Amino acid sequence: MAKAQLTIDPAAFDPELTDPEITALNQRIIAEHKTRPDPWSVPVEKTRQLRKAGFGTFVMGPKDPAAETLVHLGPAGRRIEIRVLRPTDGQTRGTFLHFHGGGWVFGGSEESDPRLRQLADTTGLTVASVEYRLAPEHPFPAAPDDCISVAVALANGHLDLPRGWLAIGGESAGAHLAVLTLIRLRDEYSMMPYKAANLVAGCFDLSLTPSVRRFGEERLVLNTEDVKEFVLRFVPDHISLKDPAVSPLYADLAGLPPALFSCGTRDLLIDDTLFMASRWVASGNEAELSLTNGGAHVFESFPTEVGRQSLAKMEEFLRRKMASPI
């Protein structure tokens, strides 16, 4: 079986071929941002409150009434909450370990309920979303430490979650944390229990890839300054932004599981996805690439047909990997 399945279609970057629904969504996002205060002009906690109240870029969907909360005691007995969505039919084949986005500064596991509910019911996987610590109150390595602690506990059967088949992933900062977790599982625990990775619009080079640096001031969900501000709060000054511990694009990637890399081509993090998918394959791993013409950062969070199609590709990837011989 071929390990590499990377195909870059030039048509994905042709603005004349962008779906009108995506074009309209992008115009709306840009216009709405112009009516809001700069997110860095108010305290971080205020922005978090507004986001939870539904006034952020991503509209909060209804909280899933069937969601459960597990508590894992991490290092030094620190409580780490895990939001759990089990398949509605009660039949589960394993667990998808999820890390939410938000630039390591914002966000929470409950923000992804509608998408994670669909993933659970479509794939038959229980979804466990980790409430990791946020910067700047808890800078690196707090979030990665929380994520690896939960990942090891799940793999070793210390959580009330099924282990028949395990996968991992997340969006944006969550995709970054998923890759760091896989690397630490390999290097610190000599284990690789997760059989697939679903990595959506990840930030894999915190020193900023060319597409981030060149994006500019226009805020299409994010702009160049936003990524700089996130990194500033997440990474302490004494750590190089090219250190593989914080920027996995520079890490040894050998021995990692098959991964699906998804990104919109108007996402300022497009280079992160293209570069990391290529390095994944160059390291001897299996990778697939899903590019959506004109898609903004994590455009799948918005209710569009194109977004639903992208989510369906992710679900199909996980189902296919579950059916593959181990």
# chains A, B, ... in the order shown; residues from 1 in each chain; ligands from 1

$ residues_around --residues "Leu180 of chain A" --least-positions-apart "5" --cutoff "10 Å" --atoms "only C-alpha atoms" --output "number ranges by chain"
A: 144-145, 147-148, 174-175, 185, 204, 244-249, 251

$ select_by_dssp --residues "segment 217-258 of chain A" --states "alpha helix (DSSP H)" --output "list of chain:residue names"
A:Thr224, A:Glu225, A:Asp226, A:Val227, A:Lys228, A:Glu229, A:Phe230, A:Val231, A:Leu232, A:Arg233, A:Phe234

$ closest_atom_pairs --of "segment 151-251 of chain A" --to "segment 255-272 of chain A" --cutoff "7 Å" --atoms "only C-alpha atoms" --output "JSON lines"
{"residue": "A:Leu182", "atom": "CA", "partner": "A:Leu256", "partner_atom": "CA", "distance": 6.9}
{"residue": "A:Tyr194", "atom": "CA", "partner": "A:Pro257", "partner_atom": "CA", "distance": 7.0}
{"residue": "A:Lys195", "atom": "CA", "partner": "A:Pro257", "partner_atom": "CA", "distance": 5.5}
{"residue": "A:Ala196", "atom": "CA", "partner": "A:Pro258", "partner_atom": "CA", "distance": 5.0}
{"residue": "A:Ala197", "atom": "CA", "partner": "A:Ala259", "partner_atom": "CA", "distance": 4.5}
{"residue": "A:Asn198", "atom": "CA", "partner": "A:Leu260", "partner_atom": "CA", "distance": 5.1}
{"residue": "A:Leu199", "atom": "CA", "partner": "A:Phe261", "partner_atom": "CA", "distance": 5.0}
{"residue": "A:Val200", "atom": "CA", "partner": "A:Ser262", "partner_atom": "CA", "distance": 4.8}
{"residue": "A:Ala201", "atom": "CA", "partner": "A:Cys263", "partner_atom": "CA", "distance": 4.8}
{"residue": "A:Gly202", "atom": "CA", "partner": "A:Asp272", "partner_atom": "CA", "distance": 6.7}
{"residue": "A:Cys203", "atom": "CA", "partner": "A:Asp272", "partner_atom": "CA", "distance": 5.9}
{"residue": "A:Phe204", "atom": "CA", "partner": "A:Asp272", "partner_atom": "CA", "distance": 5.6}
{"residue": "A:Asp205", "atom": "CA", "partner": "A:Asp272", "partner_atom": "CA", "distance": 6.6}
{"residue": "A:Thr209", "atom": "CA", "partner": "A:Asp271", "partner_atom": "CA", "distance": 6.2}
{"residue": "A:Pro210", "atom": "CA", "partner": "A:Asp271", "partner_atom": "CA", "distance": 6.9}
{"residue": "A:Ser211", "atom": "CA", "partner": "A:Leu268", "partner_atom": "CA", "distance": 5.5}
{"residue": "A:Val212", "atom": "CA", "partner": "A:Leu268", "partner_atom": "CA", "distance": 5.0}
{"residue": "A:Phe215", "atom": "CA", "partner": "A:Leu268", "partner_atom": "CA", "distance": 6.0}

$ write_last_selection --atoms "all heavy atoms" --output "compact mmCIF listing (two decimals), in the first residue's frame"
# COMPACT_ATOMS: atom_id res chain seq x y z
N LEU A 182 1.65 13.43 19.57
CA LEU A 182 2.14 12.22 18.89
C LEU A 182 3.65 12.09 19.01
O LEU A 182 4.18 11.00 19.25
CB LEU A 182 1.73 12.26 17.42
CG LEU A 182 0.24 12.07 17.13
CD1 LEU A 182 -0.05 12.35 15.65
CD2 LEU A 182 -0.22 10.66 17.50
N TYR A 194 -2.25 5.70 18.75
CA TYR A 194 -3.23 6.41 17.92
C TYR A 194 -2.97 6.07 16.45
O TYR A 194 -1.87 6.25 15.95
CB TYR A 194 -3.16 7.92 18.19
CG TYR A 194 -3.58 8.21 19.62
CD1 TYR A 194 -2.65 8.14 20.66
CD2 TYR A 194 -4.90 8.47 19.94
CE1 TYR A 194 -3.03 8.34 21.97
CE2 TYR A 194 -5.29 8.68 21.25
CZ TYR A 194 -4.36 8.61 22.27
OH TYR A 194 -4.75 8.79 23.57
N LYS A 195 -3.99 5.57 15.79
CA LYS A 195 -3.84 4.98 14.46
C LYS A 195 -4.11 5.95 13.32
O LYS A 195 -3.93 5.60 12.15
CB LYS A 195 -4.76 3.76 14.33
CG LYS A 195 -4.55 2.71 15.42
CD LYS A 195 -3.10 2.25 15.48
CE LYS A 195 -2.87 1.21 16.56
NZ LYS A 195 -1.44 0.84 16.68
N ALA A 196 -4.58 7.15 13.62
CA ALA A 196 -4.84 8.15 12.58
C ALA A 196 -4.88 9.52 13.22
O ALA A 196 -5.19 9.66 14.41
CB ALA A 196 -6.15 7.86 11.85
N ALA A 197 -4.55 10.54 12.41
CA ALA A 197 -4.59 11.92 12.88
C ALA A 197 -5.39 12.77 11.90
O ALA A 197 -5.15 12.72 10.69
CB ALA A 197 -3.17 12.48 13.02
N ASN A 198 -6.33 13.54 12.42
CA ASN A 198 -7.15 14.44 11.62
C ASN A 198 -6.73 15.86 11.96
O ASN A 198 -7.07 16.37 13.03
CB ASN A 198 -8.63 14.22 11.92
CG ASN A 198 -9.53 15.12 11.10
OD1 ASN A 198 -9.26 15.36 9.93
ND2 ASN A 198 -10.59 15.62 11.70
N LEU A 199 -5.98 16.51 11.07
CA LEU A 199 -5.31 17.77 11.38
C LEU A 199 -5.87 18.88 10.48
O LEU A 199 -5.60 18.92 9.28
CB LEU A 199 -3.80 17.61 11.18
CG LEU A 199 -3.19 16.44 11.97
CD1 LEU A 199 -1.74 16.22 11.57
CD2 LEU A 199 -3.31 16.68 13.47
N VAL A 200 -6.63 19.78 11.09
CA VAL A 200 -7.36 20.81 10.34
C VAL A 200 -6.69 22.17 10.54
O VAL A 200 -6.63 22.69 11.66
CB VAL A 200 -8.83 20.88 10.80
CG1 VAL A 200 -9.60 21.93 9.98
CG2 VAL A 200 -9.49 19.52 10.71
N ALA A 201 -6.17 22.74 9.46
CA ALA A 201 -5.64 24.11 9.47
C ALA A 201 -4.70 24.36 10.63
O ALA A 201 -4.82 25.36 11.34
CB ALA A 201 -6.80 25.11 9.50
N GLY A 202 -3.74 23.46 10.82
CA GLY A 202 -2.83 23.57 11.95
C GLY A 202 -1.79 24.66 11.78
O GLY A 202 -1.43 25.05 10.66
N CYS A 203 -1.30 25.16 12.91
CA CYS A 203 -0.16 26.08 12.94
C CYS A 203 1.04 25.26 13.39
O CYS A 203 1.16 24.93 14.57
CB CYS A 203 -0.44 27.23 13.90
SG CYS A 203 0.88 28.47 13.93
N PHE A 204 1.93 24.93 12.47
CA PHE A 204 3.01 24.01 12.77
C PHE A 204 4.39 24.67 12.82
O PHE A 204 5.36 24.04 13.21
CB PHE A 204 3.03 22.89 11.71
CG PHE A 204 1.73 22.13 11.64
CD1 PHE A 204 1.00 22.09 10.45
CD2 PHE A 204 1.23 21.48 12.74
CE1 PHE A 204 -0.20 21.40 10.38
CE2 PHE A 204 0.03 20.77 12.69
CZ PHE A 204 -0.69 20.74 11.49
N ASP A 205 4.46 25.93 12.43
CA ASP A 205 5.72 26.69 12.49
C ASP A 205 5.43 28.01 13.18
O ASP A 205 4.92 28.94 12.56
CB ASP A 205 6.28 26.92 11.09
CG ASP A 205 7.59 27.69 11.09
OD1 ASP A 205 8.05 28.08 12.18
OD2 ASP A 205 8.16 27.91 10.01
N THR A 209 5.20 30.88 8.84
CA THR A 209 5.46 30.50 7.46
C THR A 209 5.23 31.71 6.54
O THR A 209 4.62 32.70 6.94
CB THR A 209 4.54 29.35 7.03
OG1 THR A 209 3.18 29.73 7.29
CG2 THR A 209 4.86 28.07 7.79
N PRO A 210 5.69 31.64 5.29
CA PRO A 210 5.52 32.78 4.38
C PRO A 210 4.06 33.22 4.22
O PRO A 210 3.78 34.42 4.14
CB PRO A 210 6.10 32.27 3.06
CG PRO A 210 7.13 31.27 3.48
CD PRO A 210 6.57 30.60 4.70
N SER A 211 3.13 32.26 4.15
CA SER A 211 1.73 32.66 3.95
C SER A 211 1.18 33.45 5.14
O SER A 211 0.33 34.33 4.97
CB SER A 211 0.86 31.42 3.69
OG SER A 211 0.88 30.53 4.78
N VAL A 212 1.68 33.16 6.34
CA VAL A 212 1.26 33.94 7.51
C VAL A 212 1.88 35.33 7.46
O VAL A 212 1.20 36.34 7.64
CB VAL A 212 1.66 33.22 8.81
CG1 VAL A 212 1.31 34.09 10.03
CG2 VAL A 212 0.96 31.87 8.93
N PHE A 215 0.25 37.64 4.77
CA PHE A 215 -1.21 37.79 4.72
C PHE A 215 -1.65 39.23 4.93
O PHE A 215 -2.55 39.72 4.26
CB PHE A 215 -1.87 36.88 5.76
CG PHE A 215 -3.34 36.67 5.52
CD1 PHE A 215 -3.77 35.75 4.59
CD2 PHE A 215 -4.28 37.41 6.21
CE1 PHE A 215 -5.14 35.55 4.36
CE2 PHE A 215 -5.65 37.22 5.99
CZ PHE A 215 -6.07 36.29 5.06

$ select_by_dssp --residues "segment 118-217 of chain A" --states "strand (DSSP E or B)" --output "list in words"
Leu125, Thr126, Val127, Ala128, Ser129, Val130, Leu166, Ala167, Ile168, Gly169, Gly170, Glu171, Tyr194, Lys195, Ala196, Ala197, Asn198, Leu199 and Val200 of chain A

$ write_last_selection --atoms "all heavy atoms" --output "CSV table (one decimal), in the first residue's frame"
chain,number,residue,atom,x,y,z
A,125,LEU,N,-17.2,6.7,16.7
A,125,LEU,CA,-16.2,6.9,17.7
A,125,LEU,C,-16.7,7.8,18.8
A,125,LEU,O,-17.4,8.8,18.5
A,125,LEU,CB,-15.0,7.6,17.0
A,125,LEU,CG,-14.2,6.7,16.0
A,125,LEU,CD1,-13.1,7.6,15.3
A,125,LEU,CD2,-13.5,5.6,16.7
A,126,THR,N,-16.4,7.4,20.0
A,126,THR,CA,-16.6,8.4,21.1
A,126,THR,C,-15.6,9.5,21.0
A,126,THR,O,-14.4,9.3,20.7
A,126,THR,CB,-16.4,7.6,22.5
A,126,THR,OG1,-17.4,6.7,22.6
A,126,THR,CG2,-16.4,8.6,23.6
A,127,VAL,N,-16.0,10.7,21.2
A,127,VAL,CA,-15.2,11.9,21.0
A,127,VAL,C,-14.9,12.4,22.4
A,127,VAL,O,-15.8,12.7,23.2
A,127,VAL,CB,-15.8,13.0,20.2
A,127,VAL,CG1,-14.9,14.2,20.1
A,127,VAL,CG2,-16.1,12.4,18.8
A,128,ALA,N,-13.6,12.6,22.7
A,128,ALA,CA,-13.1,13.1,24.0
A,128,ALA,C,-12.3,14.4,23.7
A,128,ALA,O,-11.3,14.4,23.2
A,128,ALA,CB,-12.3,12.1,24.7
A,129,SER,N,-12.9,15.6,24.1
A,129,SER,CA,-12.2,16.9,23.9
A,129,SER,C,-11.6,17.4,25.2
A,129,SER,O,-12.3,17.6,26.2
A,129,SER,CB,-13.2,17.9,23.3
A,129,SER,OG,-12.6,19.0,22.9
A,130,VAL,N,-10.3,17.7,25.1
A,130,VAL,CA,-9.5,18.1,26.3
A,130,VAL,C,-9.6,19.6,26.6
A,130,VAL,O,-9.4,20.4,25.7
A,130,VAL,CB,-8.1,17.6,26.1
A,130,VAL,CG1,-7.3,18.0,27.3
A,130,VAL,CG2,-8.0,16.2,25.8
A,166,LEU,N,-8.1,4.0,18.3
A,166,LEU,CA,-7.8,5.4,18.8
A,166,LEU,C,-7.3,6.3,17.7
A,166,LEU,O,-6.5,5.9,16.9
A,166,LEU,CB,-6.8,5.4,19.9
A,166,LEU,CG,-7.1,4.6,21.2
A,166,LEU,CD1,-6.0,4.7,22.2
A,166,LEU,CD2,-8.4,5.1,21.8
A,167,ALA,N,-7.9,7.5,17.6
A,167,ALA,CA,-7.4,8.5,16.7
A,167,ALA,C,-7.3,9.8,17.5
A,167,ALA,O,-7.7,9.9,18.6
A,167,ALA,CB,-8.4,8.7,15.5
A,168,ILE,N,-6.6,10.8,16.8
A,168,ILE,CA,-6.3,12.1,17.5
A,168,ILE,C,-6.4,13.2,16.5
A,168,ILE,O,-6.3,13.0,15.3
A,168,ILE,CB,-4.9,12.0,18.1
A,168,ILE,CG1,-4.6,13.1,19.1
A,168,ILE,CG2,-3.8,12.0,17.0
A,168,ILE,CD1,-3.3,12.9,19.9
A,169,GLY,N,-6.7,14.4,17.0
A,169,GLY,CA,-6.7,15.5,16.0
A,169,GLY,C,-7.3,16.8,16.7
A,169,GLY,O,-7.6,16.8,17.9
A,170,GLY,N,-7.4,17.8,15.8
A,170,GLY,CA,-7.9,19.1,16.2
A,170,GLY,C,-7.8,20.1,15.1
A,170,GLY,O,-7.4,19.8,14.0
A,171,GLU,N,-8.2,21.3,15.5
A,171,GLU,CA,-8.2,22.4,14.5
A,171,GLU,C,-7.3,23.5,15.0
A,171,GLU,O,-7.2,23.8,16.2
A,171,GLU,CB,-9.6,23.0,14.4
A,171,GLU,CG,-10.8,22.0,14.1
A,171,GLU,CD,-11.3,21.4,15.4
A,171,GLU,OE1,-11.3,22.0,16.5
A,171,GLU,OE2,-11.6,20.2,15.4
A,194,TYR,N,-2.3,5.7,18.7
A,194,TYR,CA,-3.2,6.4,17.9
A,194,TYR,C,-3.0,6.1,16.5
A,194,TYR,O,-1.9,6.2,15.9
A,194,TYR,CB,-3.2,7.9,18.2
A,194,TYR,CG,-3.6,8.2,19.6
A,194,TYR,CD1,-2.6,8.1,20.7
A,194,TYR,CD2,-4.9,8.5,19.9
A,194,TYR,CE1,-3.0,8.3,22.0
A,194,TYR,CE2,-5.3,8.7,21.3
A,194,TYR,CZ,-4.4,8.6,22.3
A,194,TYR,OH,-4.7,8.8,23.6
A,195,LYS,N,-4.0,5.6,15.8
A,195,LYS,CA,-3.8,5.0,14.5
A,195,LYS,C,-4.1,6.0,13.3
A,195,LYS,O,-3.9,5.6,12.2
A,195,LYS,CB,-4.8,3.8,14.3
A,195,LYS,CG,-4.5,2.7,15.4
A,195,LYS,CD,-3.1,2.3,15.5
A,195,LYS,CE,-2.9,1.2,16.6
A,195,LYS,NZ,-1.4,0.8,16.7
A,196,ALA,N,-4.6,7.1,13.6
A,196,ALA,CA,-4.8,8.1,12.6
A,196,ALA,C,-4.9,9.5,13.2
A,196,ALA,O,-5.2,9.7,14.4
A,196,ALA,CB,-6.1,7.9,11.9
A,197,ALA,N,-4.6,10.5,12.4
A,197,ALA,CA,-4.6,11.9,12.9
A,197,ALA,C,-5.4,12.8,11.9
A,197,ALA,O,-5.2,12.7,10.7
A,197,ALA,CB,-3.2,12.5,13.0
A,198,ASN,N,-6.3,13.5,12.4
A,198,ASN,CA,-7.2,14.4,11.6
A,198,ASN,C,-6.7,15.9,12.0
A,198,ASN,O,-7.1,16.4,13.0
A,198,ASN,CB,-8.6,14.2,11.9
A,198,ASN,CG,-9.5,15.1,11.1
A,198,ASN,OD1,-9.3,15.4,9.9
A,198,ASN,ND2,-10.6,15.6,11.7
A,199,LEU,N,-6.0,16.5,11.1
A,199,LEU,CA,-5.3,17.8,11.4
A,199,LEU,C,-5.9,18.9,10.5
A,199,LEU,O,-5.6,18.9,9.3
A,199,LEU,CB,-3.8,17.6,11.2
A,199,LEU,CG,-3.2,16.4,12.0
A,199,LEU,CD1,-1.7,16.2,11.6
A,199,LEU,CD2,-3.3,16.7,13.5
A,200,VAL,N,-6.6,19.8,11.1
A,200,VAL,CA,-7.4,20.8,10.3
A,200,VAL,C,-6.7,22.2,10.5
A,200,VAL,O,-6.6,22.7,11.7
A,200,VAL,CB,-8.8,20.9,10.8
A,200,VAL,CG1,-9.6,21.9,10.0
A,200,VAL,CG2,-9.5,19.5,10.7

$ closest_residue --among "A:His158, A:His98, A:Arg308, A:Lys46" --to "Gly74 of chain A" --atoms "only C-alpha atoms"
A:His158

$ closest_residue --among "A:Lys228, A:Arg214, A:Arg186, A:Arg93" --to "Leu161 of chain A" --atoms "only C-alpha atoms"
A:Arg93

$ atom_distance --atom1 "atom CA of Ile80 of chain A" --atom2 "atom CA of Leu177 of chain A"
15.4 Å

$ closest_residue --among "A:Phe140, A:Phe275, A:Phe317, A:Phe302" --to "Met60 of chain A" --atoms "only C-alpha atoms"
A:Phe302

$ residues_around --residues "segment 235-243 of chain A" --least-positions-apart "5" --cutoff "7 Å" --atoms "only C-alpha atoms" --output "list in words"
Pro139, Phe140, Leu206, Ser207 and Tyr250 of chain A

$ residues_around --residues "Ala282 of chain A" --least-positions-apart "2" --cutoff "9 Å" --atoms "only C-alpha atoms" --output "list in words"
Ala4, Leu253, Ala254, Ala277, Ser278, Arg279, Trp280, Gly284 and Asn285 of chain A

$ write_last_selection --atoms "N, CA, C and O atoms" --output "PDB file, in the first residue's frame"
ATOM      1  N   ALA A   4       2.167   7.547   0.419  1.00  0.00           N
ATOM      2  CA  ALA A   4       1.909   8.933   0.066  1.00  0.00           C
ATOM      3  C   ALA A   4       0.690   9.055  -0.831  1.00  0.00           C
ATOM      4  O   ALA A   4       0.555   8.344  -1.811  1.00  0.00           O
ATOM      5  N   LEU A 253       9.727  13.499  12.377  1.00  0.00           N
ATOM      6  CA  LEU A 253       8.331  13.054  12.235  1.00  0.00           C
ATOM      7  C   LEU A 253       8.210  11.564  11.914  1.00  0.00           C
ATOM      8  O   LEU A 253       7.110  11.083  11.646  1.00  0.00           O
ATOM      9  N   ALA A 254       9.306  10.845  11.966  1.00  0.00           N
ATOM     10  CA  ALA A 254       9.264   9.417  11.614  1.00  0.00           C
ATOM     11  C   ALA A 254       8.385   8.641  12.590  1.00  0.00           C
ATOM     12  O   ALA A 254       8.322   8.950  13.781  1.00  0.00           O
ATOM     13  N   ALA A 277       2.362  18.501   5.538  1.00  0.00           N
ATOM     14  CA  ALA A 277       1.953  17.294   4.819  1.00  0.00           C
ATOM     15  C   ALA A 277       3.123  16.727   4.020  1.00  0.00           C
ATOM     16  O   ALA A 277       3.336  15.494   3.978  1.00  0.00           O
ATOM     17  N   SER A 278       3.908  17.606   3.398  1.00  0.00           N
ATOM     18  CA  SER A 278       5.069  17.151   2.634  1.00  0.00           C
ATOM     19  C   SER A 278       6.117  16.519   3.544  1.00  0.00           C
ATOM     20  O   SER A 278       6.697  15.474   3.227  1.00  0.00           O
ATOM     21  N   ARG A 279       6.366  17.131   4.676  1.00  0.00           N
ATOM     22  CA  ARG A 279       7.346  16.576   5.617  1.00  0.00           C
ATOM     23  C   ARG A 279       6.856  15.253   6.198  1.00  0.00           C
ATOM     24  O   ARG A 279       7.653  14.360   6.503  1.00  0.00           O
ATOM     25  N   TRP A 280       5.548  15.121   6.390  1.00  0.00           N
ATOM     26  CA  TRP A 280       4.956  13.876   6.904  1.00  0.00           C
ATOM     27  C   TRP A 280       5.306  12.723   5.965  1.00  0.00           C
ATOM     28  O   TRP A 280       5.766  11.664   6.397  1.00  0.00           O
ATOM     29  N   GLY A 284       8.377   9.239   5.843  1.00  0.00           N
ATOM     30  CA  GLY A 284       7.982   7.847   5.706  1.00  0.00           C
ATOM     31  C   GLY A 284       6.595   7.522   6.207  1.00  0.00           C
ATOM     32  O   GLY A 284       6.229   6.343   6.337  1.00  0.00           O
ATOM     33  N   ASN A 285       5.799   8.546   6.476  1.00  0.00           N
ATOM     34  CA  ASN A 285       4.435   8.339   6.952  1.00  0.00           C
ATOM     35  C   ASN A 285       3.427   8.485   5.810  1.00  0.00           C
ATOM     36  O   ASN A 285       3.747   9.010   4.752  1.00  0.00           O
TER      37      ASN A 285
END

$ closest_residue --among "A:Lys34, A:Arg86, A:Phe96, A:Leu220" --to "Pro65 of chain A" --atoms "only C-alpha atoms"
A:Arg86

$ residues_around --residues "Ser301 of chain A" --least-positions-apart "6" --cutoff "8 Å" --atoms "only C-alpha atoms" --output "PyMOL selection string"
chain A and resi 58+115+307

$ closest_residue --among "A:Ala12, A:Gly157, A:Gly216, A:Leu291" --to "Gln309 of chain A" --atoms "only C-alpha atoms"
A:Leu291

$ residues_around --residues "Thr23 of chain A" --least-positions-apart "3" --cutoff "10 Å" --atoms "only C-alpha atoms" --output "compact mmCIF listing (two decimals) with N, CA, C and O atoms, in the first residue's frame"
# COMPACT_ATOMS: atom_id res chain seq x y z
N PRO A 15 -8.89 31.71 -7.92
CA PRO A 15 -10.02 32.44 -7.33
C PRO A 15 -11.27 32.44 -8.20
O PRO A 15 -12.38 32.59 -7.68
N THR A 18 -13.65 29.60 -7.08
CA THR A 18 -14.15 29.54 -5.71
C THR A 18 -15.67 29.44 -5.72
O THR A 18 -16.36 30.16 -6.45
N ASP A 19 -16.20 28.55 -4.90
CA ASP A 19 -17.64 28.39 -4.77
C ASP A 19 -18.26 29.72 -4.32
O ASP A 19 -17.76 30.34 -3.37
N PRO A 20 -19.33 30.19 -4.96
CA PRO A 20 -19.95 31.47 -4.57
C PRO A 20 -20.34 31.52 -3.10
O PRO A 20 -20.30 32.60 -2.48
N ASN A 26 -16.73 34.63 3.01
CA ASN A 26 -15.52 35.41 3.26
C ASN A 26 -15.81 36.90 3.33
O ASN A 26 -15.28 37.61 4.20
N GLN A 27 -16.65 37.39 2.43
CA GLN A 27 -16.99 38.81 2.43
C GLN A 27 -17.72 39.19 3.72
O GLN A 27 -17.48 40.26 4.29
N ARG A 28 -18.58 38.29 4.18
CA ARG A 28 -19.31 38.56 5.42
C ARG A 28 -18.37 38.58 6.62
O ARG A 28 -18.48 39.45 7.49
N ASN A 293 -10.93 25.31 -2.17
CA ASN A 293 -10.70 26.57 -2.86
C ASN A 293 -11.39 27.72 -2.13
O ASN A 293 -12.60 27.73 -1.93
N GLY A 294 -10.56 28.69 -1.71
CA GLY A 294 -11.09 29.91 -1.11
C GLY A 294 -11.47 29.81 0.35
O GLY A 294 -11.88 30.81 0.94
N GLY A 295 -11.36 28.64 0.94
CA GLY A 295 -11.79 28.49 2.32
C GLY A 295 -10.97 29.32 3.29
O GLY A 295 -9.74 29.36 3.20
N ALA A 296 -11.64 29.98 4.24
CA ALA A 296 -10.96 30.76 5.27
C ALA A 296 -10.50 29.82 6.39
O ALA A 296 -10.69 28.60 6.31
